[in-house]
Amino acid sequence: MDNRQALGSWLSGPRSAMEDAGADFGYRGEQLGLPEEGPGSIARPGRRLGALALDWGLSVLIAYSLITDGYRPATGNWALLVFFVMSALTVGTIGFTPGKRLFGLRVVSADTGAVSPLRSVARTVLLCLAVPALVWDRDGRGLHDRLARTVEVRA
């Protein structure tokens, strides 16, 4: 391996370097038995972040206009509570939040398909902590999804 290849592997990341070395990782979601493309496949990060931003914006809007009556210092805390309640209730009952619905996503259990309310609460608590959502596995699932044994898929 010459210096250009070594530098190129560093820039493209460890997965690309391993694939160049002959490792076969398969597609995202293959180990979970999900299709590679289309409905039921692992949701892409852009859609997930868009849905999260929309849900957070809706939570801030609700907190700002209905709860804090425009009192800005308290809006963030109330928005987090509104986000928690909205996410836990909607994912635990219908499988998606308003943002996920608009972006064509849903949350399913890796085992049974339907997310139980207990798993939904656990997933939402970890999502509100933010750090578990920033740690992803090779399938693109956040730590909050892995610990709750859920998967965010395309609807």
# chains A, B, ... in the order shown; residues from 1 in each chain; ligands from 1
>>> residues_around(residues="A:Val151", least_positions_apart="4", cutoff="7 Å", atoms="only C-alpha atoms", output="number ranges by chain")
A: 107-110, 141, 145
>>> select_by_dssp(residues="stretch 55-131 of chain A", states="strand (DSSP E or B)", output="PyMOL selection string")
chain A and resi 105-109+113
>>> write_last_selection(atoms="N, CA and C atoms", output="PDB file, in the first residue's frame")
ATOM      1  N   LEU A 105     -41.696   7.549   7.505  1.00  0.00           N
ATOM      2  CA  LEU A 105     -40.970   6.628   8.373  1.00  0.00           C
ATOM      3  C   LEU A 105     -41.903   6.046   9.428  1.00  0.00           C
ATOM      4  N   ARG A 106     -41.490   4.936   9.988  1.00  0.00           N
ATOM      5  CA  ARG A 106     -42.201   4.374  11.128  1.00  0.00           C
ATOM      6  C   ARG A 106     -41.212   3.588  11.976  1.00  0.00           C
ATOM      7  N   VAL A 107     -41.547   3.391  13.222  1.00  0.00           N
ATOM      8  CA  VAL A 107     -40.702   2.641  14.153  1.00  0.00           C
ATOM      9  C   VAL A 107     -41.357   1.292  14.384  1.00  0.00           C
ATOM     10  N   VAL A 108     -40.580   0.228  14.215  1.00  0.00           N
ATOM     11  CA  VAL A 108     -41.085  -1.120  14.443  1.00  0.00           C
ATOM     12  C   VAL A 108     -40.153  -1.841  15.406  1.00  0.00           C
ATOM     13  N   SER A 109     -40.681  -2.860  16.042  1.00  0.00           N
ATOM     14  CA  SER A 109     -39.876  -3.686  16.923  1.00  0.00           C
ATOM     15  C   SER A 109     -39.054  -4.644  16.076  1.00  0.00           C
ATOM     16  N   GLY A 113     -42.484  -6.586  15.426  1.00  0.00           N
ATOM     17  CA  GLY A 113     -43.070  -5.679  14.447  1.00  0.00           C
ATOM     18  C   GLY A 113     -43.759  -4.490  15.076  1.00  0.00           C
TER      19      GLY A 113
END
>>> residues_around(residues="A:Thr90", least_positions_apart="5", cutoff="12 Å", atoms="only C-alpha atoms", output="list in words")
Asp55, Val82, Phe83, Phe84, Val85, Gly95, Phe96, Thr97, Pro98, Gly99, Lys100, Arg101, Arg106, Val107, Val115, Ser116, Pro117, Ser120, Val121 and Thr124 of chain A
>>> residues_around(residues="A:Asp139", least_positions_apart="6", cutoff="10 Å", atoms="only C-alpha atoms", output="MDAnalysis selection string")
chainID A and resid 25:32 42:43 151
>>> closest_residue(among="A:His144, A:Ala63, A:Asp111, A:Leu118", to="A:Leu34", atoms="only C-alpha atoms")
A:Asp111
